[in-house]
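Novice: What follows is run.tsv; its format and atoms are TSV, C-alpha atoms.
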chain	number	residue	atom	x	y	z
M	1	MET	CA	90.80	108.50	103.11
M	2	THR	CA	87.11	109.23	102.71
M	3	THR	CA	84.35	107.86	104.92
M	4	GLU	CA	83.16	105.72	102.01
M	5	GLN	CA	86.64	104.21	101.63
M	6	ALA	CA	86.83	103.46	105.33
M	7	ALA	CA	83.47	101.75	105.33
M	8	ALA	CA	84.38	99.73	102.26
M	9	GLY	CA	87.69	98.69	103.78
M	10	HIS	CA	85.96	97.68	107.01
M	11	SER	CA	83.68	95.26	105.22
M	12	ALA	CA	86.18	94.01	102.62
M	13	ASP	CA	88.70	92.45	104.97
M	14	LEU	CA	91.99	91.56	103.28
M	15	LEU	CA	93.87	90.81	106.47
M	16	LEU	CA	93.25	87.16	107.18
M	17	PRO	CA	92.08	84.03	105.43
M	18	PRO	CA	88.49	83.05	106.18
M	19	PRO	CA	88.09	81.03	109.38
M	20	ALA	CA	88.16	77.28	108.87
M	21	ALA	CA	84.91	75.38	108.97
M	22	PRO	CA	84.23	73.24	112.07
M	23	GLY	CA	86.15	69.97	111.87
M	24	SER	CA	88.32	71.05	108.95
M	25	ARG	CA	92.09	70.85	109.05
M	26	PRO	CA	94.02	74.13	109.37
M	27	ALA	CA	96.00	75.31	106.36
M	28	ALA	CA	99.67	74.51	106.10
M	29	GLY	CA	101.83	77.04	107.85
M	30	HIS	CA	98.96	78.15	110.12
M	31	ALA	CA	98.27	75.12	112.24
M	32	ALA	CA	96.15	75.84	115.25
M	33	GLY	CA	97.57	74.66	118.48
M	34	ASP	CA	98.84	77.23	120.97
M	35	ALA	CA	97.20	77.58	124.33
M	36	GLY	CA	95.32	80.72	123.38
M	37	GLY	CA	93.59	79.07	120.44
M	38	LEU	CA	95.23	81.39	117.91
M	39	PRO	CA	97.06	80.08	114.86
M	40	ARG	CA	100.80	79.72	114.98
M	41	ALA	CA	103.38	79.39	112.25
M	42	GLY	CA	104.00	75.86	111.03
M	43	GLY	CA	107.39	74.48	110.06
M	44	ALA	CA	107.33	75.55	106.42
M	45	GLY	CA	105.91	78.97	107.27
M	46	ALA	CA	108.49	79.56	109.99
M	47	VAL	CA	111.37	78.63	107.68
M	48	ARG	CA	110.04	80.90	104.95
M	49	ALA	CA	109.60	83.79	107.40
M	50	ALA	CA	113.12	83.33	108.82
M	51	ALA	CA	114.57	83.27	105.32
M	52	PHE	CA	112.63	86.41	104.43
M	53	ALA	CA	113.88	88.19	107.58
M	54	LEU	CA	117.52	87.24	106.95
M	55	LEU	CA	117.26	88.26	103.32
M	56	GLY	CA	115.57	91.54	104.32
M	57	ALA	CA	118.32	92.38	106.81
M	58	GLY	CA	121.01	91.76	104.20
M	59	VAL	CA	119.17	93.74	101.54
M	60	LEU	CA	118.65	96.62	103.98
M	61	ALA	CA	122.36	96.81	104.85
M	62	ALA	CA	123.30	96.73	101.17
M	63	SER	CA	120.63	99.28	100.32
M	64	VAL	CA	121.88	101.76	102.93
M	65	ALA	CA	125.44	101.48	101.61
M	66	ALA	CA	124.33	101.79	97.98
M	67	ALA	CA	121.92	104.67	98.59
M	68	VAL	CA	124.68	106.78	100.18
M	69	ARG	CA	126.38	106.84	96.76
M	70	ILE	CA	123.31	108.08	94.87
M	71	GLY	CA	122.98	111.80	94.22
M	72	THR	CA	124.08	114.65	92.02
M	73	ALA	CA	127.68	114.50	93.26
M	74	ASP	CA	129.75	111.46	92.30
M	75	VAL	CA	130.57	109.29	95.34
M	76	GLY	CA	132.28	105.94	94.87
M	77	TRP	CA	132.39	102.82	97.01
M	78	THR	CA	135.93	103.72	98.05
M	79	ASP	CA	134.77	107.14	99.25
M	80	VAL	CA	132.01	105.55	101.33
M	81	ALA	CA	134.46	103.06	102.84
M	82	ARG	CA	136.97	105.83	103.64
M	83	ALA	CA	134.26	107.96	105.30
M	84	PHE	CA	133.19	105.05	107.51
M	85	GLY	CA	136.75	103.94	108.16
M	86	GLY	CA	137.81	107.41	109.25
M	87	ARG	CA	134.95	107.59	111.76
M	88	LEU	CA	135.83	104.13	113.09
M	89	GLY	CA	139.47	105.06	113.57
M	90	LEU	CA	140.78	102.70	110.90
M	91	PRO	CA	144.06	103.46	109.10
M	92	VAL	CA	142.53	104.88	105.92
M	93	GLU	CA	143.31	107.99	103.93
M	94	PRO	CA	140.85	110.71	105.00
M	95	LEU	CA	138.47	112.18	102.46
M	96	PRO	CA	138.59	115.83	101.46
M	97	PRO	CA	136.52	117.81	104.01
M	98	LEU	CA	133.78	118.74	101.53
M	99	LEU	CA	133.28	115.17	100.29
M	100	ASP	CA	133.47	113.79	103.82
M	101	SER	CA	130.77	116.21	104.95
M	102	LEU	CA	128.60	115.28	101.97
M	103	VAL	CA	128.77	111.58	102.80
M	104	TRP	CA	128.66	111.74	106.59
M	105	ASP	CA	126.60	114.84	107.38
M	106	LEU	CA	124.11	114.86	104.50
M	107	ARG	CA	123.63	111.54	102.75
M	108	LEU	CA	124.09	109.03	105.57
M	109	PRO	CA	121.61	110.74	107.96
M	110	ARG	CA	119.15	110.99	105.10
M	111	VAL	CA	119.40	107.29	104.23
M	112	LEU	CA	119.18	106.21	107.87
M	113	MET	CA	116.15	108.46	108.37
M	114	ALA	CA	114.47	106.87	105.36
M	115	ALA	CA	115.08	103.40	106.83
M	116	LEU	CA	113.71	104.38	110.25
M	117	VAL	CA	110.66	106.17	108.88
M	118	GLY	CA	109.92	103.38	106.40
M	119	ALA	CA	110.05	100.73	109.13
M	120	SER	CA	107.93	102.87	111.44
M	121	LEU	CA	105.18	103.66	108.92
M	122	ALA	CA	104.99	100.10	107.62
M	123	VAL	CA	104.58	98.59	111.09
M	124	CYS	CA	102.02	101.25	112.04
M	125	GLY	CA	100.01	100.32	108.96
M	126	ALA	CA	100.11	96.61	109.82
M	127	VAL	CA	99.04	97.29	113.41
M	128	LEU	CA	96.16	99.57	112.46
M	129	GLN	CA	94.91	97.17	109.80
M	130	ALA	CA	94.56	94.53	112.52
M	131	VAL	CA	93.19	96.84	115.23
M	132	THR	CA	90.50	98.34	112.99
M	133	ARG	CA	89.98	95.28	110.72
M	134	ASN	CA	90.19	97.77	107.87
M	135	ALA	CA	92.17	96.79	104.80
M	136	LEU	CA	92.61	100.46	103.87
M	137	ALA	CA	94.00	101.53	107.25
M	138	ASP	CA	97.35	103.30	107.17
M	139	PRO	CA	99.36	105.33	109.72
M	140	TYR	CA	97.42	108.50	108.87
M	141	LEU	CA	94.03	106.97	109.70
M	142	LEU	CA	94.02	108.59	113.16
M	143	GLY	CA	94.32	112.15	111.86
M	144	VAL	CA	97.83	112.50	113.28
M	145	SER	CA	99.30	113.52	109.92
M	146	SER	CA	96.70	116.27	109.46
M	147	GLY	CA	97.38	117.59	112.95
M	148	ALA	CA	101.11	117.61	112.27
M	149	SER	CA	100.52	119.53	109.05
M	150	THR	CA	98.47	122.14	110.89
M	151	GLY	CA	101.19	122.56	113.52
M	152	ALA	CA	103.93	122.88	110.91
M	153	VAL	CA	101.97	125.37	108.82
M	154	THR	CA	101.20	127.46	111.89
M	155	VAL	CA	104.88	127.66	112.81
M	156	VAL	CA	105.94	128.55	109.25
M	157	VAL	CA	103.29	131.23	108.84
M	158	LEU	CA	103.97	132.78	112.26
M	159	GLY	CA	107.74	132.45	111.88
M	160	ILE	CA	108.28	130.87	115.30
M	161	GLY	CA	111.80	129.63	116.09
M	162	SER	CA	114.47	128.53	113.66
M	163	HIS	CA	113.06	127.04	110.48
M	164	ALA	CA	113.94	123.34	110.83
M	165	LEU	CA	113.57	123.07	114.60
M	166	GLY	CA	110.43	125.19	114.63
M	167	VAL	CA	108.70	123.17	111.91
M	168	THR	CA	109.58	119.87	113.58
M	169	GLY	CA	108.41	121.06	116.98
M	170	GLY	CA	105.22	122.55	115.59
M	171	ALA	CA	104.42	119.39	113.63
M	172	LEU	CA	104.99	117.20	116.67
M	173	ALA	CA	102.78	119.43	118.82
M	174	GLY	CA	100.03	119.43	116.22
M	175	ALA	CA	100.17	115.65	115.89
M	176	LEU	CA	99.84	115.15	119.64
M	177	VAL	CA	96.97	117.64	119.85
M	178	SER	CA	95.06	115.85	117.10
M	179	PHE	CA	95.58	112.49	118.79
M	180	ALA	CA	94.44	113.90	122.13
M	181	LEU	CA	91.28	115.15	120.42
M	182	LEU	CA	90.74	111.68	118.93
M	183	LEU	CA	90.99	110.03	122.35
M	184	LEU	CA	88.68	112.66	123.83
M	185	LEU	CA	86.03	111.90	121.23
M	186	LEU	CA	86.45	108.14	121.75
M	187	ARG	CA	86.45	108.18	125.55
M	188	ARG	CA	82.93	106.73	125.90
M	189	THR	CA	82.82	104.48	122.86
M	190	GLY	CA	84.78	101.47	124.09
M	191	LEU	CA	87.29	102.04	121.26
M	192	ASP	CA	85.19	100.08	118.79
M	193	SER	CA	87.09	99.57	115.53
M	194	SER	CA	84.48	101.21	113.30
M	195	ARG	CA	84.28	104.23	115.62
M	196	ILE	CA	88.07	104.57	115.56
M	197	VAL	CA	87.97	104.70	111.75
M	198	LEU	CA	85.12	107.19	111.52
M	199	THR	CA	86.43	109.44	114.30
M	200	GLY	CA	89.92	109.41	112.78
M	201	VAL	CA	88.47	110.52	109.45
M	202	VAL	CA	86.58	113.36	111.18
M	203	VAL	CA	89.64	114.55	113.11
M	204	GLY	CA	91.79	114.38	109.97
M	205	GLN	CA	89.30	116.41	107.97
M	206	LEU	CA	89.08	119.01	110.74
M	207	PHE	CA	92.82	119.61	110.82
M	208	THR	CA	93.07	119.52	107.02
M	209	ALA	CA	90.50	122.31	106.91
M	210	LEU	CA	92.43	124.28	109.53
M	211	THR	CA	95.63	123.91	107.51
M	212	SER	CA	93.93	125.21	104.38
M	213	LEU	CA	92.37	128.08	106.30
M	214	ILE	CA	95.71	129.18	107.76
M	215	LEU	CA	97.39	129.03	104.36
M	216	MET	CA	94.62	130.96	102.63
M	217	ALA	CA	94.39	133.61	105.33
M	218	SER	CA	98.02	134.28	106.20
M	219	ALA	CA	100.55	132.72	103.84
M	220	ASP	CA	102.20	134.28	100.80
M	221	ALA	CA	103.13	132.40	97.63
M	222	ASP	CA	106.64	131.43	98.78
M	223	THR	CA	105.40	130.14	102.12
M	224	THR	CA	102.64	128.16	100.45
M	225	ARG	CA	105.15	126.58	98.07
M	226	ALA	CA	107.47	125.62	100.93
M	227	VAL	CA	104.64	124.18	103.00
M	228	THR	CA	103.29	122.20	100.05
M	229	HIS	CA	106.72	120.66	99.48
M	230	TRP	CA	106.90	119.69	103.16
M	231	LEU	CA	103.41	118.20	103.12
M	232	LEU	CA	104.44	115.86	100.29
M	233	GLY	CA	107.30	114.48	102.37
M	234	SER	CA	111.05	114.86	101.97
M	235	MET	CA	114.15	113.38	103.59
M	236	ALA	CA	116.19	116.49	102.79
M	237	PRO	CA	115.86	118.01	106.31
M	238	ALA	CA	117.30	114.86	107.93
M	239	ARG	CA	120.31	115.54	110.16
M	240	TRP	CA	121.96	113.58	112.92
M	241	ASN	CA	119.88	115.24	115.67
M	242	THR	CA	116.57	114.27	114.03
M	243	VAL	CA	117.94	110.79	113.22
M	244	ALA	CA	118.81	110.41	116.90
M	245	VAL	CA	115.23	111.23	117.91
M	246	CYS	CA	113.80	108.69	115.46
M	247	ALA	CA	116.41	106.11	116.44
M	248	ALA	CA	115.40	106.49	120.10
M	249	VAL	CA	111.64	106.32	119.53
M	250	THR	CA	111.25	103.88	116.63
M	251	PRO	CA	112.84	100.73	118.17
M	252	LEU	CA	110.81	101.21	121.35
M	253	GLY	CA	107.58	101.57	119.40
M	254	LEU	CA	108.34	98.59	117.19
M	255	ALA	CA	109.20	96.46	120.23
M	256	ALA	CA	105.96	97.46	121.97
M	257	ALA	CA	103.95	96.51	118.89
M	258	TRP	CA	105.77	93.18	118.55
M	259	LEU	CA	105.09	92.31	122.20
M	260	CYS	CA	101.39	92.65	121.39
M	261	SER	CA	101.62	90.22	118.47
M	262	THR	CA	99.32	87.60	120.00
M	263	ALA	CA	96.76	90.26	120.88
M	264	LEU	CA	96.93	91.61	117.32
M	265	ASP	CA	96.21	88.13	115.96
M	266	GLY	CA	93.10	88.00	118.14
M	267	LEU	CA	91.98	91.55	117.27
M	268	ALA	CA	92.31	90.80	113.57
M	269	PHE	CA	89.57	88.17	114.02
M	270	GLY	CA	87.28	90.64	115.81
M	271	SER	CA	86.62	91.98	119.30
M	272	ASP	CA	84.47	89.04	120.39
M	273	THR	CA	87.09	86.50	119.39
M	274	ALA	CA	89.83	88.50	121.10
M	275	ALA	CA	87.82	88.85	124.31
M	276	SER	CA	87.03	85.11	124.35
M	277	LEU	CA	90.78	84.45	124.25
M	278	GLY	CA	91.35	86.56	127.35
M	279	ILE	CA	92.65	89.68	125.59
M	280	GLY	CA	91.77	92.99	127.22
M	281	VAL	CA	90.39	94.54	124.05
M	282	ARG	CA	89.96	98.14	125.20
M	283	HIS	CA	93.33	98.45	126.95
M	284	THR	CA	95.18	96.68	124.15
M	285	ARG	CA	93.61	98.90	121.51
M	286	LEU	CA	94.42	102.01	123.54
M	287	LEU	CA	98.06	100.95	123.94
M	288	LEU	CA	98.43	100.18	120.25
M	289	LEU	CA	96.76	103.44	119.24
M	290	VAL	CA	99.19	105.38	121.46
M	291	VAL	CA	102.19	103.49	120.02
M	292	THR	CA	101.14	104.05	116.41
M	293	ALA	CA	100.27	107.70	117.07
M	294	VAL	CA	103.66	108.44	118.63
M	295	LEU	CA	105.57	106.66	115.85
M	296	THR	CA	103.55	108.45	113.18
M	297	ALA	CA	103.87	111.81	114.92
M	298	VAL	CA	107.67	111.55	115.10
M	299	ALA	CA	107.92	110.41	111.48
M	300	VAL	CA	105.65	113.15	110.13
M	301	ALA	CA	107.25	115.82	112.29
M	302	THR	CA	110.71	115.07	110.93
M	303	VAL	CA	110.10	114.34	107.23
M	304	GLY	CA	106.49	115.29	106.46
M	305	ALA	CA	103.62	113.09	105.33
M	306	ILE	CA	104.66	110.14	103.17
M	307	GLY	CA	101.73	108.17	101.86
M	308	PHE	CA	101.34	104.55	100.75
M	309	ALA	CA	104.36	103.16	102.66
M	310	GLY	CA	102.11	102.15	105.53
M	311	LEU	CA	99.43	100.75	103.22
M	312	ILE	CA	101.16	98.79	100.49
M	313	VAL	CA	104.11	97.30	102.42
M	314	PRO	CA	102.06	95.38	105.06
M	315	HIS	CA	99.81	93.87	102.38
M	316	GLY	CA	102.78	92.78	100.28
M	317	VAL	CA	104.62	91.23	103.24
M	318	ARG	CA	101.44	89.56	104.50
M	319	PHE	CA	101.10	87.92	101.10
M	320	LEU	CA	104.66	86.54	101.38
M	321	VAL	CA	104.91	85.43	105.03
M	322	GLY	CA	101.30	85.09	106.20
M	323	PRO	CA	99.16	87.02	108.69
M	324	LEU	CA	100.73	86.03	112.04
M	325	HIS	CA	102.00	89.25	113.60
M	326	ARG	CA	104.92	87.71	115.46
M	327	VAL	CA	106.45	87.10	112.03
M	328	LEU	CA	104.66	89.80	110.05
M	329	LEU	CA	105.80	92.82	112.08
M	330	PRO	CA	109.61	92.35	111.91
M	331	CYS	CA	109.43	91.39	108.24
M	332	THR	CA	107.23	94.42	107.56
M	333	ALA	CA	109.71	96.70	109.34
M	334	LEU	CA	112.57	95.44	107.15
M	335	ALA	CA	110.53	95.68	103.96
M	336	GLY	CA	109.32	99.19	104.83
M	337	ALA	CA	112.87	100.35	105.51
M	338	VAL	CA	114.17	98.97	102.19
M	339	PHE	CA	111.18	100.37	100.30
M	340	LEU	CA	111.64	103.92	101.56
M	341	VAL	CA	115.46	103.89	101.22
M	342	TRP	CA	115.17	103.12	97.52
M	343	THR	CA	112.16	105.35	97.02
M	344	ASP	CA	114.09	108.29	98.45
M	345	ALA	CA	117.10	107.42	96.29
M	346	LEU	CA	114.85	107.46	93.24
M	347	ALA	CA	113.29	110.75	94.34
M	348	ARG	CA	116.64	112.54	94.43
M	349	ALA	CA	118.16	110.90	91.34
M	350	ALA	CA	115.33	110.57	88.81
M	351	PHE	CA	115.10	114.28	87.95
M	352	ALA	CA	118.52	115.46	89.19
M	353	PRO	CA	119.51	118.12	89.99
M	354	ARG	CA	115.89	118.79	90.98
M	355	GLU	CA	114.49	116.65	93.76
M	356	VAL	CA	110.99	115.17	93.72
M	357	PRO	CA	109.19	114.92	97.09
M	358	VAL	CA	109.43	111.32	98.20
M	359	GLY	CA	105.70	111.20	98.94
M	360	VAL	CA	105.02	111.70	95.23
M	361	VAL	CA	107.25	108.76	94.31
M	362	THR	CA	105.73	106.46	96.95
M	363	ALA	CA	102.27	107.22	95.57
M	364	LEU	CA	103.35	106.61	91.96
M	365	LEU	CA	104.93	103.29	92.94
M	366	GLY	CA	102.33	102.35	95.53
M	367	VAL	CA	99.27	102.45	93.29
M	368	PRO	CA	100.39	99.78	90.78
M	369	LEU	CA	101.97	97.66	93.53
M	370	PHE	CA	98.76	97.74	95.56
M	371	LEU	CA	96.73	96.75	92.50
M	372	LEU	CA	99.16	93.89	91.88
M	373	VAL	CA	98.77	92.63	95.45
M	374	LEU	CA	94.97	92.81	95.15
M	375	ARG	CA	95.09	90.87	91.89
M	376	ARG	CA	97.37	88.17	93.32
M	377	ARG	CA	94.98	87.76	96.25
M	378	GLY	CA	92.04	87.42	93.91
M	379	GLU	CA	90.41	90.63	95.15
M	380	LEU	CA	90.58	92.40	91.78
What would the structure in this file look like if it were written as structure tokens?

Specialist:
Amino acid sequence: MTTEQAAAGHSADLLLPPPAAPGSRPAAGHAAGDAGGLPRAGGAGAVRAAAFALLGAGVLAASVAAAVRIGTADVGWTDVARAFGGRLGLPVEPLPPLLDSLVWDLRLPRVLMAALVGASLAVCGAVLQAVTRNALADPYLLGVSSGASTGAVTVVVLGIGSHALGVTGGALAGALVSFALLLLLLRRTGLDSSRIVLTGVVVGQLFTALTSLILMASADADTTRAVTHWLLGSMAPARWNTVAVCAAVTPLGLAAAWLCSTALDGLAFGSDTAASLGIGVRHTRLLLLVVTAVLTAVAVATVGAIGFAGLIVPHGVRFLVGPLHRVLLPCTALAGAVFLVWTDALARAAFAPREVPVGVVTALLGVPLFLLVLRRRGEL
């Protein structure tokens, strides 16, 4: 994101409906009335959100089962059931070892990783859009993705450690270093939303330049090709150990963000409004920045940078269920998981036997979807 884009997104707020005029009645589904003065979901809005959440959970479960079948090798529903049944100790005929390994050790971790990463990135996007009041905010606004790329490229070029473990560790270290630099630069600013945006852009550009410098100075053609593929994002490296890391971190991060739902509602209206409602603006922003940075760092370190999932999904879900974060965040997590599961399935099946980086597919799908959302909201 460029500085011009950030400034435009800061002024063109797509997050919330305009505040009601004095004496006017609140819109249906957003009746004012809780003790903090923030809007809360009305009866119709709550029913619609609950229906969306239940539908999303069912679609996610079906998507995971269906996506395990998709790939160059033919895997049927019976094979999937036998693979699961064998692991659960049910009396089923075991699969041949090669097919069992394909389903259990390759495809299932990949699909579960896509669900975890999709949920993580989508929620991070929704949180940052509220914290910064920037309609163009996404999980990579803080420069964490660029730092992870620098760390991964450094490890690949220097040949440190085993390939998969070394790249993941290097990316995670780079992401944390970039976030530490961001906090260092923001330490005396009060964590103002516009300063977060501008400083994140600066930090991201710095680490992008470092990545390019390392590649130009030290990498050969094969290394450059491998790094470029990683930078575009891919679920191919997903294994049970990396899924376990994401499965441990992602639910904690999502829960922490959801517990700050009321504060996010206040922050989306601006710092002054949030402070008048008794929200500790600086501490809340710091906590949410740490949560989103950790979630993004883990996601990028394991599968690379995947764009648009954290931008388009929150806007689409907000259009369907409204802006209240107590409802928005869980629905966004489900929608992000489903979106990335099917995007990854399309990435590995569309041009089989060659695999397209999933970040390319999310961008190709995200652009028209984002334009559609803008048009439905009357912003285009």

Novice: Have a look at CA of Val360 in chain M and CA of Leu340 in chain M and let me know their distance in Å, one decimal.

Specialist: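 For CA of Val360 in chain M relative to CA of Leu340 in chain M, the distance reads 12.0 Å.
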
Novice: Do you know which residues are at most 9 Å from range 250-266 of chain M counting all atoms listed in the file, after dropping those on the same chain fewer than 2 positions away, and could you put them as a ChimeraX atom specification?

Specialist: /M:36,38-39,116-117,119-120,123-124,127,130-131,245-248,268-275,277,279-281,284,287-288,291-292,294-295,298-299,323-330,333

Novice: Any idea what's packed within 10 Å of Phe84 in chain M, counting all atoms listed in the file, ignoring anything in its chain fewer than 5 positions away? Could you give it as a list in words?

Specialist: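 Selected residues are Thr78, Asp79, Gly89, Leu90, Val92, Pro94, Asp100, Val103 and Trp104 of chain M.
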
Novice: Between M:Leu158, M:Leu311, M:Met235, M:Leu213, which has the minimum distance to Leu106 in chain M (counting only C-alpha atoms)?

Specialist: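 Among the listed residues, M:Met235 lies closest to Leu106 in chain M.
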
Novice: Find, counting all atoms listed in the file, the residue in M:Leu142, M:Leu121, M:Ala83, M:Ala173 that gets nearest to Pro97 in chain M.

Specialist: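 Once distances to Pro97 in chain M are computed over all atoms listed in the file, the minimum belongs to M:Ala83.
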